[in-house]
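Visitor: Here you go, one structure.
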Amino acid sequence: MSLFIRGGRIITATDDFVGDVLVEGEKIAAVGPALKAPAGVEVVDAAGKYVFPGFIDPHVHIYLPFMGTYAKDTYETASKAALVGGTTTLIEMICPARGDDPLAAFELWLSKGKPSACDYTFHMGVSRFDATTEAAIREIANRGIASLKVFLAYKGAFGISDEELYSTLRLANELGLIVTAHCENETLIAELQKRLLSEGKTGPEWHEPSRPPQVEAEGVHHLMTFAEMTDAHVYCVHTSCREALEAVEAARLRGVRAWVETVIPYLVLDKSYAEKPDFEGAKYVMSPPLRDKCEQPVLWNALRSRLISTVATDHAPFDYAGQKEMGRGDFTKIPNGIPSVEDRVNLLYTHGVCRGRIDLQTFVDAASTQAARLFGLYPRKGTIAAGSDADIVVYDPAYRGKISAKTQQMAVDYSAFEGWPIEGRPSLVTVRGEVQARDGKFVGKLGSGKFLTRAATHH
Ligand code: URP
Ligand code: ZN
Ligand code: ZN
């Protein structure tokens, strides 16, 4: 399929100019200020609109057995949701339980991805380290997985010991893999949870006090020390607060190769949402928790100054009815997660670009380019350039609408952003040259997404 996108304002992490994009087959054939449209090509008028590279969400959960239940989305629903919201590539975490065979888990998650309309790849979760895991990681790396995932939290589930963390980082360093990590001190969480519950503090509003900023910062500091001892390259997922950022900044000054992700819920929501009465706060329980509102300007500043590289979602969709409700009377049993894969780009644009907190280049860099660079997808993904995959978002800044669970594609019974206004949305979204979404509707083909193999780049 050939497409000619005419007269849009083309924005990459470094460029901003009015021009045209010629797509031939799966690739961008040319980009420039005044290209000639070949005869017979479909022309898209992008005047007055932005032309962005397809957005990349480097932290989503779609198939997730977790806290006694399963996340609600499938690749059918999650990829449709991602695409109408402008995200063209998903990086999911493979999350085997401690006793699972890692290679079998890899095959299972690969099979789950088949119906996707987005392109996708995985961070390989390491929930146990032994000879079997080591052999599996070597094989999986050869099959195109360039990043790992470890949890320093979730005692008794995905969490690994310090010995296992050390071995994982050593192996990652040898193979050039980057290790993404959920950083919270699991012992402190378990003790604080016990204490709060014994005091009769059982509602969702007690989730944040059970995992305060110091607990997250301790996890980050811990990871940084291990990275320093092993020379491994590390990436802190869902960073929520100043203390955690300061731990990374200090480590970077010592020479640690560390990068930071935050997620859209922390930029726009705060802990008062988890304090909503009648258990409604459960909709806003995720880990690390939503923080005090005073953390939001810190995160925006860190994004603007590029201490934070990426804005992901940590999309983890659990229904309110029947799933979040499992934690009535005990907040530690509320499945953790806030669904947002559909809304990330529009919320970041509305609350970041439109409010003057970040510029357009930072927006593209944080929501697309940096994820491509860090995870071995650049320049195939993450930019608009001749030779790159034709993953393109034509974005209409004049659109005005509202987020609602009634109209969303995500297979979950609520929206954490119900009724929130949006000041812009994608009017056309392509994945490798195929139009997959138009004006808030999925118009593409399930199963057309590709599993993306990646080369290790973190040597
Ligand atoms: O609350 C969260 N973050 N749920 C998903 C699992 C994880 O920790 O990423
Ligand atoms: Zn996590
Ligand atoms: Zn996660």
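A note on labels: chains of the structure tokens are A, B, ... as shown, every chain counts residues from 1, and ligands are counted from 1 in their shown order.
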Residues within 6 Å of ligand 1 should be enumerated using only C-alpha atoms and all ligand atoms and returned as a PyMOL selection string.

Guide: chain A and resi 286-287+314+316+336-337

Visitor: Write the residues you've just listed into a file as a short mmCIF file (atom, residue, chain, number, x, y, z; two decimals), in the first residue's frame, and include N, CA and C atoms for each of them.

Guide:
data_model
loop_
_atom_site.label_atom_id
_atom_site.label_comp_id
_atom_site.auth_asym_id
_atom_site.auth_seq_id
_atom_site.Cartn_x
_atom_site.Cartn_y
_atom_site.Cartn_z
N MET A 286 -2.40 1.00 42.46
CA MET A 286 -1.33 0.41 41.67
C MET A 286 -0.05 0.52 42.50
N SER A 287 1.00 -0.16 42.05
CA SER A 287 2.27 -0.11 42.80
C SER A 287 3.44 0.23 41.89
N ASP A 314 2.27 1.18 32.28
CA ASP A 314 2.07 0.06 33.21
C ASP A 314 0.60 -0.36 33.16
N ALA A 316 -2.42 -2.22 33.38
CA ALA A 316 -2.72 -3.49 34.06
C ALA A 316 -4.21 -3.46 34.40
N ASN A 336 -3.43 -4.97 41.73
CA ASN A 336 -2.75 -3.69 41.47
C ASN A 336 -2.79 -3.36 39.98
N GLY A 337 -3.16 -2.14 39.66
CA GLY A 337 -3.05 -1.73 38.26
C GLY A 337 -4.09 -0.70 37.88
#

Visitor: Compile the contact shell of segment 54-56 of chain A as a list in words: residues with an atom at most 8 Å away, counting only C-alpha atoms, same-chain residues fewer than 6 positions apart removed.

Guide: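 Surrounding residues, per the criterion: Gly86, Thr87, Thr88, Thr89, Leu90, Ile91, Val345, Val364, Ala367, Ser368, Thr369, Ala371, Ala372, Lys381, Gly382, Thr383, Asp391, Ile392, Val393, Val429, Thr430 and Val431 of chain A.
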
Visitor: Provide the atom CA of Lys149 of chain A to atom CA of Val126 of chain A distance in Å, to one decimal place.

Guide: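 Atom CA of Lys149 of chain A sits 6.1 Å away from atom CA of Val126 of chain A.
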
Visitor: Can you pull out the residues contacting Thr225 of chain A? Cut-off 12 Å, using only C-alpha atoms, and skip same-chain residues under 3 positions away; I want them as a list in words.

Guide: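 These residues fall inside the cut-off: Asp162, Leu165, Tyr166, Leu169, Glu218, Gly219, Val220, His221, His222, Glu228, Met229, Thr230, Asp231, Ala232, His233, Val234, Ala247, Val248, Ala250, Ala251, Arg252, Arg254, Gly255, Val256, Arg257 and Ala258 of chain A.
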
Visitor: Mind dumping a table of every chain A residue within 7 Å of ligand 2, with the nearest atom pair and its distance in Å to one decimal, using only C-alpha atoms and all ligand atoms, sorted by chain and rising number, as a tab-separated table?

Guide:
residue	atom	partner	partner_atom_place_in_ligand_line	distance
A:Phe151	CA	ligand 2	1 (Zn)	6.8
A:His182	CA	ligand 2	1 (Zn)	4.6
A:Val237	CA	ligand 2	1 (Zn)	6.8
A:His238	CA	ligand 2	1 (Zn)	6.7
A:Ser287	CA	ligand 2	1 (Zn)	6.2

Visitor: I need the chosen residues saved as a compact mmCIF listing (two decimals), in the first residue's frame, with N, CA and C atoms.

Guide:
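Output saved as out.txt:
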# COMPACT_ATOMS: atom_id res chain seq x y z
N PHE A 151 11.53 -8.09 39.46
CA PHE A 151 10.72 -7.45 40.49
C PHE A 151 11.47 -7.54 41.81
N HIS A 182 11.22 -3.37 38.73
CA HIS A 182 10.23 -2.79 39.66
C HIS A 182 10.94 -2.66 41.00
N VAL A 237 11.41 1.02 36.17
CA VAL A 237 10.05 1.20 35.65
C VAL A 237 9.23 2.01 36.65
N HIS A 238 8.12 2.49 36.19
CA HIS A 238 7.10 3.25 36.96
C HIS A 238 7.66 3.98 38.19
N SER A 287 1.00 -0.16 42.05
CA SER A 287 2.27 -0.11 42.80
C SER A 287 3.44 0.23 41.89

Visitor: Could you pull the residues within 8 Å of Tyr63 of chain A, counting only C-alpha atoms, minus those fewer than 4 positions along the same chain, as a ChimeraX atom specification?

Guide: /A:70-74,109,112

Visitor: Between A:Thr187, A:Asn346, A:Ser448, A:Thr202, which one has atoms that come closest to Arg328 of chain A, using only C-alpha atoms?

Guide: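 Of A:Thr187, A:Asn346, A:Ser448, A:Thr202, the one nearest Arg328 of chain A, counting only C-alpha atoms, is A:Thr202.
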
Visitor: Could you state the separation of atom CA of Leu196 of chain A and atom CA of Pro317 of chain A in Å, given to one decimal place?

Guide: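 Separation of atom CA of Leu196 of chain A and atom CA of Pro317 of chain A: 26.1 Å.
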
Visitor: Using only C-alpha atoms, determine which residues lie at most 10 Å from Thr180 of chain A, disregarding the query and same-chain residues fewer than 3 positions distant; provide the list as JSON, numbers by chain.

Guide: {"A": [59, 93, 123, 124, 125, 147, 148, 149, 150, 151, 177, 183, 233, 234, 235, 236, 237, 258, 259, 260, 261]}

Visitor: From a backbone DSSP assignment, name each residue in segment 234-398 of chain A labelled strand (DSSP E), as a PyMOL selection string.

Guide: chain A and resi 234-236+258-263+310-312+392-396

Visitor: For segment 417-427 of chain A, work out the shell of residues within 8 Å, counting only C-alpha atoms and skipping chain neighbours fewer than 3 positions away, then give it as a ChimeraX atom specification.

Guide: /A:84-86,346-347,349-350,354,393-405,414,437-440

Visitor: Neighbouring residues of Gly387 of chain A were defined as those with any atom within 7 Å, considering only C-alpha atoms; residues of the same chain fewer than 4 positions away were excluded. Please report them as a PyMOL selection string.

Guide: chain A and resi 27-29

Visitor: With only C-alpha atoms as the basis for distance, which of A:Asn185, A:Thr132, A:Thr12, A:Ser167 is at the shortest distance from Lys155 of chain A?

Guide: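 Nearest candidate to Lys155 of chain A out of A:Asn185, A:Thr132, A:Thr12, A:Ser167: A:Asn185.
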
Visitor: Under the rule that only C-alpha atoms and all ligand atoms are counted, which of A:Tyr154, A:Phe52, A:Phe17, A:Phe4 is the nearest residue to ligand 3?

Guide: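 For ligand 3, the nearest of the given residues is A:Tyr154.
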
Visitor: From the options A:Gly156, A:Pro213, A:Gly322, A:Pro115, which residue's atoms come nearest to Thr77 of chain A, counting only C-alpha atoms?

Guide: A:Pro115

Visitor: Please identify the helix (DSSP H, G or I) residues within segment 258-456 of chain A (assignment by DSSP from backbone atoms) and present them as a ChimeraX atom specification.

Guide: /A:264-268,271-275,280-284,295-304,324-327,331-333,344-353,360-374

Visitor: Compare A:Phe279, A:Phe106, A:Tyr75, A:Phe158 by their minimum atom-to-atom distance to ligand 3, counting only C-alpha atoms and all ligand atoms, and give me the closest one.

Guide: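 Nearest to ligand 3: A:Phe158.
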
Visitor: What is the atom CA of Ala146 of chain A-atom CA of Ala456 of chain A distance in Å, reported with one decimal?

Guide: 4.8 Å

Visitor: Nearest to Ala39 of chain A: which of A:Thr332, A:Leu3, A:Val21, A:Gly444 is it, counting only C-alpha atoms?

Guide: A:Leu3
